[in-house]
Structure formats: C-alpha cells, structure tokens
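The next block is final-v4.pdb, given as PDB, C-alpha atoms.
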```
ATOM      1  CA  MET A  14      88.098  89.771  63.624  1.00  0.00           C
ATOM      2  CA  ASN A  15      85.730  89.247  66.553  1.00  0.00           C
ATOM      3  CA  ARG A  16      84.518  92.609  67.882  1.00  0.00           C
ATOM      4  CA  ASN A  17      85.673  91.830  71.429  1.00  0.00           C
ATOM      5  CA  ILE A  18      89.107  90.775  70.213  1.00  0.00           C
ATOM      6  CA  TYR A  19      89.424  94.006  68.223  1.00  0.00           C
ATOM      7  CA  ARG A  20      88.399  96.129  71.219  1.00  0.00           C
ATOM      8  CA  ALA A  21      90.777  94.347  73.570  1.00  0.00           C
ATOM      9  CA  SER A  22      93.707  94.505  71.153  1.00  0.00           C
ATOM     10  CA  ALA A  23      93.072  98.164  70.334  1.00  0.00           C
ATOM     11  CA  LEU A  24      92.806  99.156  73.989  1.00  0.00           C
ATOM     12  CA  ALA A  25      95.967  97.249  74.902  1.00  0.00           C
ATOM     13  CA  ALA A  26      97.881  98.887  72.059  1.00  0.00           C
ATOM     14  CA  GLY A  27      96.465 102.289  72.989  1.00  0.00           C
ATOM     15  CA  LEU A  28      97.529 101.994  76.634  1.00  0.00           C
ATOM     16  CA  VAL A  29     101.042 100.934  75.678  1.00  0.00           C
ATOM     17  CA  GLY A  30     101.272 103.711  73.107  1.00  0.00           C
ATOM     18  CA  TYR A  31      99.999 106.267  75.616  1.00  0.00           C
ATOM     19  CA  SER A  32     102.771 105.311  78.030  1.00  0.00           C
ATOM     20  CA  PHE A  33     105.370 106.513  75.504  1.00  0.00           C
ATOM     21  CA  THR A  34     103.905 110.022  75.590  1.00  0.00           C
ATOM     22  CA  ALA A  35     105.032 110.419  79.206  1.00  0.00           C
ATOM     23  CA  GLY A  36     108.051 112.452  78.143  1.00  0.00           C
ATOM     24  CA  LEU A  37     106.044 114.962  76.114  1.00  0.00           C
ATOM     25  CA  GLU A  38     105.883 118.442  77.618  1.00  0.00           C
ATOM     26  CA  VAL A  39     102.109 118.842  77.644  1.00  0.00           C
ATOM     27  CA  PRO A  40     100.711 121.051  80.463  1.00  0.00           C
ATOM     28  CA  GLY A  41      98.899 118.903  83.012  1.00  0.00           C
ATOM     29  CA  ARG A  42      99.657 115.706  81.097  1.00  0.00           C
ATOM     30  CA  ARG A  43     101.131 113.873  84.087  1.00  0.00           C
ATOM     31  CA  HIS A  44      99.033 115.494  86.802  1.00  0.00           C
ATOM     32  CA  PRO A  45      97.712 112.804  89.173  1.00  0.00           C
ATOM     33  CA  VAL A  46      94.126 114.020  88.848  1.00  0.00           C
ATOM     34  CA  VAL A  47      94.314 113.882  85.043  1.00  0.00           C
ATOM     35  CA  GLN A  48      95.723 110.358  85.171  1.00  0.00           C
ATOM     36  CA  GLY A  49      93.120 109.252  87.702  1.00  0.00           C
ATOM     37  CA  VAL A  50      90.236 110.703  85.704  1.00  0.00           C
ATOM     38  CA  LEU A  51      91.450 109.119  82.470  1.00  0.00           C
ATOM     39  CA  GLY A  52      91.757 105.705  84.082  1.00  0.00           C
ATOM     40  CA  THR A  53      88.326 105.975  85.696  1.00  0.00           C
ATOM     41  CA  ALA A  54      86.750 107.146  82.431  1.00  0.00           C
ATOM     42  CA  LEU A  55      88.143 104.100  80.654  1.00  0.00           C
ATOM     43  CA  ALA A  56      86.758 101.760  83.303  1.00  0.00           C
ATOM     44  CA  VAL A  57      83.328 103.393  83.074  1.00  0.00           C
ATOM     45  CA  ALA A  58      83.376 103.337  79.264  1.00  0.00           C
ATOM     46  CA  MET A  59      84.171  99.608  79.272  1.00  0.00           C
ATOM     47  CA  ARG A  60      81.455  99.002  81.913  1.00  0.00           C
ATOM     48  CA  ALA A  61      83.978  97.312  84.145  1.00  0.00           C
ATOM     49  CA  PRO A  62      82.610  95.743  87.350  1.00  0.00           C
ATOM     50  CA  LEU A  63      84.590  97.440  90.140  1.00  0.00           C
ATOM     51  CA  GLY A  64      83.196  95.547  93.109  1.00  0.00           C
ATOM     52  CA  LEU A  65      83.200  98.571  95.402  1.00  0.00           C
ATOM     53  CA  ARG A  66      80.034  97.556  97.285  1.00  0.00           C
ATOM     54  CA  PRO A  67      79.460  94.751  99.793  1.00  0.00           C
ATOM     55  CA  PRO A  68      79.864  91.809  99.765  1.00  0.00           C
ATOM     56  CA  THR A  69      82.592  91.961  97.090  1.00  0.00           C
ATOM     57  CA  LEU A  70      84.071  95.007  98.816  1.00  0.00           C
ATOM     58  CA  TRP A  71      84.757  92.951 101.971  1.00  0.00           C
ATOM     59  CA  SER A  72      86.333  90.209  99.886  1.00  0.00           C
ATOM     60  CA  GLY A  73      88.568  92.768  98.189  1.00  0.00           C
ATOM     61  CA  LEU A  74      89.589  94.278 101.505  1.00  0.00           C
ATOM     62  CA  ARG A  75      90.451  90.880 102.998  1.00  0.00           C
ATOM     63  CA  LEU A  76      92.461  89.573 100.057  1.00  0.00           C
ATOM     64  CA  GLY A  77      94.039  92.924  99.228  1.00  0.00           C
ATOM     65  CA  GLY A  78      94.921  93.573 102.858  1.00  0.00           C
ATOM     66  CA  ALA A  79      96.633  90.208 103.167  1.00  0.00           C
ATOM     67  CA  ALA A  80      98.585  90.806  99.953  1.00  0.00           C
ATOM     68  CA  ALA A  81      99.550  94.317 101.065  1.00  0.00           C
ATOM     69  CA  ALA A  82     100.821  93.050 104.422  1.00  0.00           C
ATOM     70  CA  ALA A  83     102.939  90.394 102.712  1.00  0.00           C
ATOM     71  CA  VAL A  84     104.369  92.966 100.297  1.00  0.00           C
ATOM     72  CA  ALA A  85     105.233  95.431 103.062  1.00  0.00           C
ATOM     73  CA  ALA A  86     106.998  92.697 105.041  1.00  0.00           C
ATOM     74  CA  ALA A  87     108.955  91.591 101.978  1.00  0.00           C
ATOM     75  CA  VAL A  88     110.083  95.135 101.157  1.00  0.00           C
ATOM     76  CA  ALA A  89     111.157  95.703 104.767  1.00  0.00           C
ATOM     77  CA  ALA A  90     113.179  92.490 104.696  1.00  0.00           C
ATOM     78  CA  THR A  91     114.934  93.318 101.425  1.00  0.00           C
ATOM     79  CA  THR A  92     116.237  96.636 102.756  1.00  0.00           C
ATOM     80  CA  ALA A  93     118.843  94.607 104.656  1.00  0.00           C
ATOM     81  CA  ILE A  94     120.345  93.394 101.359  1.00  0.00           C
ATOM     82  CA  PRO A  95     123.361  95.581 100.444  1.00  0.00           C
ATOM     83  CA  ARG A  96     122.571  95.742  96.715  1.00  0.00           C
ATOM     84  CA  VAL A  97     118.967  96.722  97.417  1.00  0.00           C
ATOM     85  CA  ARG A  98     120.045  99.419  99.866  1.00  0.00           C
ATOM     86  CA  ALA A  99     122.538 100.748  97.335  1.00  0.00           C
ATOM     87  CA  ALA A 100     119.812 100.965  94.688  1.00  0.00           C
ATOM     88  CA  MET A 101     117.578 102.818  97.139  1.00  0.00           C
ATOM     89  CA  ILE A 102     120.364 105.270  97.936  1.00  0.00           C
ATOM     90  CA  ASP A 103     120.891 105.956  94.234  1.00  0.00           C
ATOM     91  CA  ARG A 104     117.175 106.390  93.553  1.00  0.00           C
ATOM     92  CA  ASP A 105     116.124 109.881  92.449  1.00  0.00           C
ATOM     93  CA  LEU A 106     113.258 110.902  94.755  1.00  0.00           C
ATOM     94  CA  PRO A 107     110.815 113.835  94.441  1.00  0.00           C
ATOM     95  CA  ALA A 108     111.495 116.936  96.510  1.00  0.00           C
ATOM     96  CA  ASN A 109     107.994 116.930  98.026  1.00  0.00           C
ATOM     97  CA  ALA A 110     107.922 113.480  99.594  1.00  0.00           C
ATOM     98  CA  TRP A 111     104.559 113.871 101.360  1.00  0.00           C
ATOM     99  CA  GLN A 112     102.741 114.918  98.192  1.00  0.00           C
ATOM    100  CA  TRP A 113     104.342 112.002  96.383  1.00  0.00           C
ATOM    101  CA  LEU A 114     103.275 109.479  99.013  1.00  0.00           C
ATOM    102  CA  ALA A 115      99.823 110.847  99.797  1.00  0.00           C
ATOM    103  CA  PHE A 116      98.624 111.926  96.361  1.00  0.00           C
ATOM    104  CA  GLU A 117     100.812 111.189  93.360  1.00  0.00           C
ATOM    105  CA  ILE A 118     101.346 107.478  94.030  1.00  0.00           C
ATOM    106  CA  PRO A 119      97.786 106.583  95.160  1.00  0.00           C
ATOM    107  CA  VAL A 120      95.911 108.639  92.553  1.00  0.00           C
ATOM    108  CA  GLY A 121      98.283 109.271  89.654  1.00  0.00           C
ATOM    109  CA  THR A 122      99.859 105.826  89.585  1.00  0.00           C
ATOM    110  CA  VAL A 123      97.970 103.123  91.465  1.00  0.00           C
ATOM    111  CA  TRP A 124      94.336 104.126  90.916  1.00  0.00           C
ATOM    112  CA  SER A 125      94.841 105.255  87.319  1.00  0.00           C
ATOM    113  CA  GLU A 126      96.731 102.088  86.337  1.00  0.00           C
ATOM    114  CA  GLU A 127      94.333  99.720  88.073  1.00  0.00           C
ATOM    115  CA  MET A 128      91.346 101.383  86.423  1.00  0.00           C
ATOM    116  CA  ALA A 129      92.986 101.356  83.001  1.00  0.00           C
ATOM    117  CA  PHE A 130      94.639  97.932  82.998  1.00  0.00           C
ATOM    118  CA  ARG A 131      92.801  95.675  85.438  1.00  0.00           C
ATOM    119  CA  ALA A 132      89.312  97.221  85.210  1.00  0.00           C
ATOM    120  CA  ALA A 133      88.988  98.521  81.625  1.00  0.00           C
ATOM    121  CA  LEU A 134      91.420  96.306  79.714  1.00  0.00           C
ATOM    122  CA  GLY A 135      90.826  93.331  81.987  1.00  0.00           C
ATOM    123  CA  THR A 136      87.090  93.450  81.285  1.00  0.00           C
ATOM    124  CA  VAL A 137      87.296  93.590  77.495  1.00  0.00           C
ATOM    125  CA  ALA A 138      90.230  91.150  77.381  1.00  0.00           C
ATOM    126  CA  ASP A 139      88.291  88.631  79.448  1.00  0.00           C
ATOM    127  CA  ALA A 140      85.341  88.926  77.052  1.00  0.00           C
ATOM    128  CA  ALA A 141      87.649  88.420  74.076  1.00  0.00           C
ATOM    129  CA  PHE A 142      90.036  85.715  75.271  1.00  0.00           C
ATOM    130  CA  GLY A 143      88.550  84.264  78.462  1.00  0.00           C
ATOM    131  CA  PRO A 144      89.921  84.673  82.011  1.00  0.00           C
ATOM    132  CA  GLY A 145      93.365  83.177  81.375  1.00  0.00           C
ATOM    133  CA  GLY A 146      94.038  84.828  78.021  1.00  0.00           C
ATOM    134  CA  GLY A 147      92.540  88.112  79.166  1.00  0.00           C
ATOM    135  CA  ARG A 148      94.739  88.236  82.248  1.00  0.00           C
ATOM    136  CA  LEU A 149      97.778  87.478  80.106  1.00  0.00           C
ATOM    137  CA  LEU A 150      96.956  90.297  77.661  1.00  0.00           C
ATOM    138  CA  GLN A 151      96.479  92.944  80.343  1.00  0.00           C
ATOM    139  CA  ALA A 152      99.644  91.776  82.140  1.00  0.00           C
ATOM    140  CA  ALA A 153     101.669  91.960  78.916  1.00  0.00           C
ATOM    141  CA  ALA A 154     100.330  95.443  78.159  1.00  0.00           C
ATOM    142  CA  PHE A 155     101.084  96.535  81.725  1.00  0.00           C
ATOM    143  CA  GLY A 156     104.655  95.312  81.444  1.00  0.00           C
ATOM    144  CA  LEU A 157     105.227  96.965  78.060  1.00  0.00           C
ATOM    145  CA  SER A 158     103.780 100.240  79.336  1.00  0.00           C
ATOM    146  CA  HIS A 159     106.785 100.539  81.676  1.00  0.00           C
ATOM    147  CA  ILE A 160     109.415 100.592  78.918  1.00  0.00           C
ATOM    148  CA  HIS A 161     109.601 104.388  78.940  1.00  0.00           C
ATOM    149  CA  ASP A 162     109.930 104.485  82.728  1.00  0.00           C
ATOM    150  CA  ALA A 163     112.732 101.921  82.606  1.00  0.00           C
ATOM    151  CA  LYS A 164     114.646 103.997  80.075  1.00  0.00           C
ATOM    152  CA  VAL A 165     114.210 107.205  82.070  1.00  0.00           C
ATOM    153  CA  THR A 166     115.434 105.585  85.280  1.00  0.00           C
ATOM    154  CA  ALA A 167     118.192 103.595  83.505  1.00  0.00           C
ATOM    155  CA  GLU A 168     116.696 100.296  84.674  1.00  0.00           C
ATOM    156  CA  PRO A 169     117.017  97.104  82.562  1.00  0.00           C
ATOM    157  CA  VAL A 170     114.157  97.273  80.071  1.00  0.00           C
ATOM    158  CA  VAL A 171     113.595  93.532  79.698  1.00  0.00           C
ATOM    159  CA  GLY A 172     113.754  92.959  83.436  1.00  0.00           C
ATOM    160  CA  THR A 173     111.357  95.827  84.102  1.00  0.00           C
ATOM    161  CA  VAL A 174     108.847  94.545  81.547  1.00  0.00           C
ATOM    162  CA  LEU A 175     108.976  91.024  82.968  1.00  0.00           C
ATOM    163  CA  VAL A 176     108.662  92.086  86.603  1.00  0.00           C
ATOM    164  CA  THR A 177     105.852  94.574  86.010  1.00  0.00           C
ATOM    165  CA  GLY A 178     104.133  92.106  83.697  1.00  0.00           C
ATOM    166  CA  LEU A 179     104.214  89.479  86.433  1.00  0.00           C
ATOM    167  CA  ALA A 180     102.868  92.035  88.901  1.00  0.00           C
ATOM    168  CA  GLY A 181     100.058  92.838  86.458  1.00  0.00           C
ATOM    169  CA  TRP A 182      99.189  89.143  86.228  1.00  0.00           C
ATOM    170  CA  VAL A 183      99.021  88.881  90.027  1.00  0.00           C
ATOM    171  CA  PHE A 184      96.925  92.056  90.271  1.00  0.00           C
ATOM    172  CA  GLY A 185      94.543  90.607  87.700  1.00  0.00           C
ATOM    173  CA  TRP A 186      94.298  87.380  89.664  1.00  0.00           C
ATOM    174  CA  LEU A 187      93.515  89.309  92.842  1.00  0.00           C
ATOM    175  CA  ALA A 188      90.741  91.209  91.068  1.00  0.00           C
ATOM    176  CA  GLU A 189      89.221  88.011  89.671  1.00  0.00           C
ATOM    177  CA  ARG A 190      89.547  86.045  92.903  1.00  0.00           C
ATOM    178  CA  SER A 191      87.992  88.733  95.091  1.00  0.00           C
ATOM    179  CA  GLY A 192      85.548  90.216  92.587  1.00  0.00           C
ATOM    180  CA  SER A 193      86.672  93.684  93.656  1.00  0.00           C
ATOM    181  CA  MET A 194      89.205  96.186  92.342  1.00  0.00           C
ATOM    182  CA  VAL A 195      90.024  97.002  95.947  1.00  0.00           C
ATOM    183  CA  ALA A 196      92.260  93.923  96.170  1.00  0.00           C
ATOM    184  CA  PRO A 197      94.691  94.828  93.358  1.00  0.00           C
ATOM    185  CA  VAL A 198      94.585  98.504  94.370  1.00  0.00           C
ATOM    186  CA  LEU A 199      95.744  97.637  97.905  1.00  0.00           C
ATOM    187  CA  ALA A 200      98.465  95.264  96.676  1.00  0.00           C
ATOM    188  CA  HIS A 201      99.695  97.748  94.067  1.00  0.00           C
ATOM    189  CA  LEU A 202      99.622 100.569  96.601  1.00  0.00           C
ATOM    190  CA  ALA A 203     101.629  98.499  99.073  1.00  0.00           C
ATOM    191  CA  ILE A 204     104.355  97.796  96.500  1.00  0.00           C
ATOM    192  CA  ASN A 205     104.737 101.430  95.482  1.00  0.00           C
ATOM    193  CA  GLU A 206     104.323 102.990  98.912  1.00  0.00           C
ATOM    194  CA  ALA A 207     106.526 100.496 100.758  1.00  0.00           C
ATOM    195  CA  GLY A 208     109.280 100.902  98.196  1.00  0.00           C
ATOM    196  CA  ALA A 209     108.997 104.688  98.342  1.00  0.00           C
ATOM    197  CA  VAL A 210     109.022 104.850 102.140  1.00  0.00           C
ATOM    198  CA  ALA A 211     111.958 102.443 102.331  1.00  0.00           C
ATOM    199  CA  ALA A 212     113.956 104.546  99.881  1.00  0.00           C
ATOM    200  CA  LEU A 213     113.173 107.733 101.819  1.00  0.00           C
ATOM    201  CA  LEU A 214     114.239 106.175 105.113  1.00  0.00           C
ATOM    202  CA  VAL A 215     117.446 104.708 103.692  1.00  0.00           C
ATOM    203  CA  GLN A 216     118.454 108.023 102.084  1.00  0.00           C
ATOM    204  CA  ARG A 217     117.814 109.901 105.316  1.00  0.00           C
TER     205      ARG A 217
END
```

Is it possible to express this structure as structure tokens?
Amino acid sequence: MNRNIYRASALAAGLVGYSFTAGLEVPGRRHPVVQGVLGTALAVAMRAPLGLRPPTLWSGLRLGGAAAAAVAAAVAATTAIPRVRAAMIDRDLPANAWQWLAFEIPVGTVWSEEMAFRAALGTVADAAFGPGGGRLLQAAAFGLSHIHDAKVTAEPVVGTVLVTGLAGWVFGWLAERSGSMVAPVLAHLAINEAGAVAALLVQR
C-alpha cells in the first residue's frame, strides 16, 4: 500500500476509534484544553498548512465570515419551526452556559475537530487520494466520529452521520477554497454557537 494511503487510512480510523472513547471515565479526557492540544499536535505532526498569516488569513476571514453569517441567519430562521423549537426545549444543556459558549465549544469542539479532521487528516488524505478523494475521506471520518454522540443524545445515528459528514465536506471545501483553516473554524463555530444560543434562549 502507498505510504500516504496507509497514513491517511490509519489516521482516519484512529480518529473514529478515538471518538468512541468519549464515554470512558478518564480524568481530564474531555477537558477542552486537552482536546485542543491533541488536535493541534496532530496538525503540527502532519505538517498541515493552516493559513493563519496574510494573505490567506484575509481570505479565510472573508469566506468564513460569509459562511458564518449565513449559518447564523439560517439557525435563527429555523427557531420559528415548531418541531425545531420542541427539539431545542428538550435539549439537555450544561449548567454553566457561559463556560460552554466561551470555552468548551470554541476550544474543545471546534478548534480540536478542525485541527484533527480538516488540517491533519485533510492534509494526508489529500496527498493520498487527491483533493476530491481526500475531502471525502475526512468528511466520512468526521461523520462516523459522531456515532457515539448520537447514541448519547438519542439522535438518529444514520442521520447524524450523514449530516455531520456533509458538514465536514463543506468545511473541507472552505479550507481548500480559502487556503486558511480560519474559514472552516468560523463556519463550524457559527453552527455550534448559534445552535447553542438558540437553545438557551428558547428554554429561557
């Protein structure tokens, strides 16, 4: 097997497998800082181009900002749908909402996942399978990594995998189009934060 294909396949399998350890009672295992450091370490180890300096930074901010604005508007609009509001009311939210919004989501979820899937896996997958195949692999791994979360929250597993997989594909496209990880980070952050804020407002 081609070395790049082996690396990409092994990393994808490792990320999916790691997601199933979420329920293990290991001290500090799910701490946002731990997750963020692990994701960043993977990106550095894979020598992923992050595009955090100009001019790619400006491109990432423009494209990511536009995507984030569209996401926020869409989430706001869907809160008027009765079934969506009902799901938000039933959602189990953390007791410390500010810590969740300001730290756990941005660092423990968005940054860590973008570094692991789009930066690290996206880089090696692109080298192994080309842009199209690489994006498909990281998107599939991203979707499968949410199986445990779907089971914990009693969400449809197949639907969750498909939706998050599609989101991963879009995030990958944003990264490739802009040349900067800022674009998918902003879009991903908008999805998670807008959904969280909407649920908090509806429940209150």

Could the centre and edge lengths of an axis-aligned box, enclosing all atoms of stretch 104-115 of chain A in the file with 6 Å extra on each side, be given in Å to one decimal as JSON?
```
{"center_x": 108.5, "center_y": 111.7, "center_z": 96.9, "size_x": 29.4, "size_y": 22.5, "size_z": 20.9}
```

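Distances to A:Gly135 were evaluated for A:Arg217, A:His44, A:Arg60, A:Lys164 using only C-alpha atoms, and the minimum falls at A:Arg60.
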
> Could you work out how far atom CA of A:Leu55 lies from atom CA of A:Val123, giving the answer in Å with one decimal?
Replying inline: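 The value is 14.6 Å.
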
>> Applying 10 Å and all atoms listed in the file, which residues near A:Arg16 remain after dropping the ones on its own chain fewer than 6 positions away? List them as number ranges by chain.
In response: A: 22, 140-141

Contact check, stretch 37-116 of chain A to stretch 166-178 of chain A, at most 12 Å, counting all atoms listed in the file, closest pairs as CSV:
```
residue,atom,partner,partner_atom,distance
A:Ala100,CA,A:Glu168,CA,10.5
A:Asp103,CA,A:Thr166,CA,10.5
A:Arg104,CA,A:Thr166,CA,8.5
A:Asp105,CA,A:Thr166,CA,8.4
A:Leu106,CA,A:Thr166,CA,11.1
```

Could you pull stretch 138-159 of chain A out of the block above and save it with N, CA, C and O atoms, as a PDB file, in the first residue's frame?
```pdb
ATOM      1  N   ALA A 138      -4.831  13.026   3.662  1.00  0.00           N
ATOM      2  CA  ALA A 138      -5.813  12.425   2.747  1.00  0.00           C
ATOM      3  C   ALA A 138      -5.688  13.029   1.362  1.00  0.00           C
ATOM      4  O   ALA A 138      -5.826  12.325   0.348  1.00  0.00           O
ATOM      5  N   ASP A 139      -5.416  14.323   1.301  1.00  0.00           N
ATOM      6  CA  ASP A 139      -5.223  14.982   0.011  1.00  0.00           C
ATOM      7  C   ASP A 139      -3.994  14.420  -0.703  1.00  0.00           C
ATOM      8  O   ASP A 139      -4.005  14.187  -1.911  1.00  0.00           O
ATOM      9  N   ALA A 140      -2.923  14.182   0.069  1.00  0.00           N
ATOM     10  CA  ALA A 140      -1.702  13.619  -0.514  1.00  0.00           C
ATOM     11  C   ALA A 140      -1.923  12.196  -1.008  1.00  0.00           C
ATOM     12  O   ALA A 140      -1.303  11.753  -1.978  1.00  0.00           O
ATOM     13  N   ALA A 141      -2.822  11.473  -0.346  1.00  0.00           N
ATOM     14  CA  ALA A 141      -3.055  10.072  -0.702  1.00  0.00           C
ATOM     15  C   ALA A 141      -4.063   9.904  -1.826  1.00  0.00           C
ATOM     16  O   ALA A 141      -3.887   9.069  -2.713  1.00  0.00           O
ATOM     17  N   PHE A 142      -5.131  10.689  -1.800  1.00  0.00           N
ATOM     18  CA  PHE A 142      -6.247  10.460  -2.728  1.00  0.00           C
ATOM     19  C   PHE A 142      -6.587  11.655  -3.614  1.00  0.00           C
ATOM     20  O   PHE A 142      -7.527  11.587  -4.402  1.00  0.00           O
ATOM     21  N   GLY A 143      -5.847  12.759  -3.481  1.00  0.00           N
ATOM     22  CA  GLY A 143      -6.170  13.950  -4.249  1.00  0.00           C
ATOM     23  C   GLY A 143      -7.227  14.779  -3.522  1.00  0.00           C
ATOM     24  O   GLY A 143      -7.825  14.319  -2.549  1.00  0.00           O
ATOM     25  N   PRO A 144      -7.479  16.000  -3.992  1.00  0.00           N
ATOM     26  CA  PRO A 144      -8.416  16.900  -3.308  1.00  0.00           C
ATOM     27  C   PRO A 144      -9.815  16.311  -3.107  1.00  0.00           C
ATOM     28  O   PRO A 144     -10.359  16.368  -2.002  1.00  0.00           O
ATOM     29  N   GLY A 145     -10.402  15.761  -4.157  1.00  0.00           N
ATOM     30  CA  GLY A 145     -11.754  15.224  -4.049  1.00  0.00           C
ATOM     31  C   GLY A 145     -11.843  14.026  -3.135  1.00  0.00           C
ATOM     32  O   GLY A 145     -12.679  13.960  -2.224  1.00  0.00           O
ATOM     33  N   GLY A 146     -10.978  13.044  -3.352  1.00  0.00           N
ATOM     34  CA  GLY A 146     -10.983  11.833  -2.524  1.00  0.00           C
ATOM     35  C   GLY A 146     -10.580  12.131  -1.095  1.00  0.00           C
ATOM     36  O   GLY A 146     -11.119  11.552  -0.149  1.00  0.00           O
ATOM     37  N   GLY A 147      -9.622  13.038  -0.925  1.00  0.00           N
ATOM     38  CA  GLY A 147      -9.188  13.396   0.421  1.00  0.00           C
ATOM     39  C   GLY A 147     -10.294  14.064   1.213  1.00  0.00           C
ATOM     40  O   GLY A 147     -10.496  13.769   2.393  1.00  0.00           O
ATOM     41  N   ARG A 148     -11.015  14.968   0.556  1.00  0.00           N
ATOM     42  CA  ARG A 148     -12.125  15.646   1.234  1.00  0.00           C
ATOM     43  C   ARG A 148     -13.212  14.645   1.614  1.00  0.00           C
ATOM     44  O   ARG A 148     -13.828  14.732   2.668  1.00  0.00           O
ATOM     45  N   LEU A 149     -13.443  13.681   0.741  1.00  0.00           N
ATOM     46  CA  LEU A 149     -14.463  12.665   1.019  1.00  0.00           C
ATOM     47  C   LEU A 149     -14.063  11.805   2.211  1.00  0.00           C
ATOM     48  O   LEU A 149     -14.900  11.486   3.075  1.00  0.00           O
ATOM     49  N   LEU A 150     -12.779  11.438   2.305  1.00  0.00           N
ATOM     50  CA  LEU A 150     -12.316  10.604   3.415  1.00  0.00           C
ATOM     51  C   LEU A 150     -12.450  11.342   4.741  1.00  0.00           C
ATOM     52  O   LEU A 150     -12.972  10.786   5.717  1.00  0.00           O
ATOM     53  N   GLN A 151     -12.000  12.587   4.796  1.00  0.00           N
ATOM     54  CA  GLN A 151     -12.076  13.312   6.070  1.00  0.00           C
ATOM     55  C   GLN A 151     -13.533  13.576   6.448  1.00  0.00           C
ATOM     56  O   GLN A 151     -13.886  13.562   7.627  1.00  0.00           O
ATOM     57  N   ALA A 152     -14.400  13.806   5.462  1.00  0.00           N
ATOM     58  CA  ALA A 152     -15.815  14.036   5.751  1.00  0.00           C
ATOM     59  C   ALA A 152     -16.466  12.763   6.294  1.00  0.00           C
ATOM     60  O   ALA A 152     -17.267  12.812   7.239  1.00  0.00           O
ATOM     61  N   ALA A 153     -16.121  11.622   5.688  1.00  0.00           N
ATOM     62  CA  ALA A 153     -16.672  10.344   6.155  1.00  0.00           C
ATOM     63  C   ALA A 153     -16.210  10.049   7.575  1.00  0.00           C
ATOM     64  O   ALA A 153     -17.002   9.633   8.434  1.00  0.00           O
ATOM     65  N   ALA A 154     -14.931  10.286   7.852  1.00  0.00           N
ATOM     66  CA  ALA A 154     -14.403  10.051   9.199  1.00  0.00           C
ATOM     67  C   ALA A 154     -15.062  10.992  10.204  1.00  0.00           C
ATOM     68  O   ALA A 154     -15.392  10.589  11.329  1.00  0.00           O
ATOM     69  N   PHE A 155     -15.284  12.235   9.797  1.00  0.00           N
ATOM     70  CA  PHE A 155     -15.927  13.212  10.670  1.00  0.00           C
ATOM     71  C   PHE A 155     -17.348  12.777  11.007  1.00  0.00           C
ATOM     72  O   PHE A 155     -17.778  12.853  12.159  1.00  0.00           O
ATOM     73  N   GLY A 156     -18.068  12.311  10.004  1.00  0.00           N
ATOM     74  CA  GLY A 156     -19.426  11.834  10.246  1.00  0.00           C
ATOM     75  C   GLY A 156     -19.449  10.634  11.175  1.00  0.00           C
ATOM     76  O   GLY A 156     -20.230  10.587  12.135  1.00  0.00           O
ATOM     77  N   LEU A 157     -18.593   9.657  10.928  1.00  0.00           N
ATOM     78  CA  LEU A 157     -18.553   8.445  11.750  1.00  0.00           C
ATOM     79  C   LEU A 157     -18.106   8.737  13.179  1.00  0.00           C
ATOM     80  O   LEU A 157     -18.499   8.020  14.107  1.00  0.00           O
ATOM     81  N   SER A 158     -17.324   9.787  13.361  1.00  0.00           N
ATOM     82  CA  SER A 158     -16.846  10.118  14.706  1.00  0.00           C
ATOM     83  C   SER A 158     -17.964  10.653  15.598  1.00  0.00           C
ATOM     84  O   SER A 158     -17.754  10.839  16.797  1.00  0.00           O
ATOM     85  N   HIS A 159     -19.139  10.897  15.028  1.00  0.00           N
ATOM     86  CA  HIS A 159     -20.264  11.413  15.817  1.00  0.00           C
ATOM     87  C   HIS A 159     -21.286  10.326  16.168  1.00  0.00           C
ATOM     88  O   HIS A 159     -22.360  10.639  16.685  1.00  0.00           O
TER      89      HIS A 159
END
```
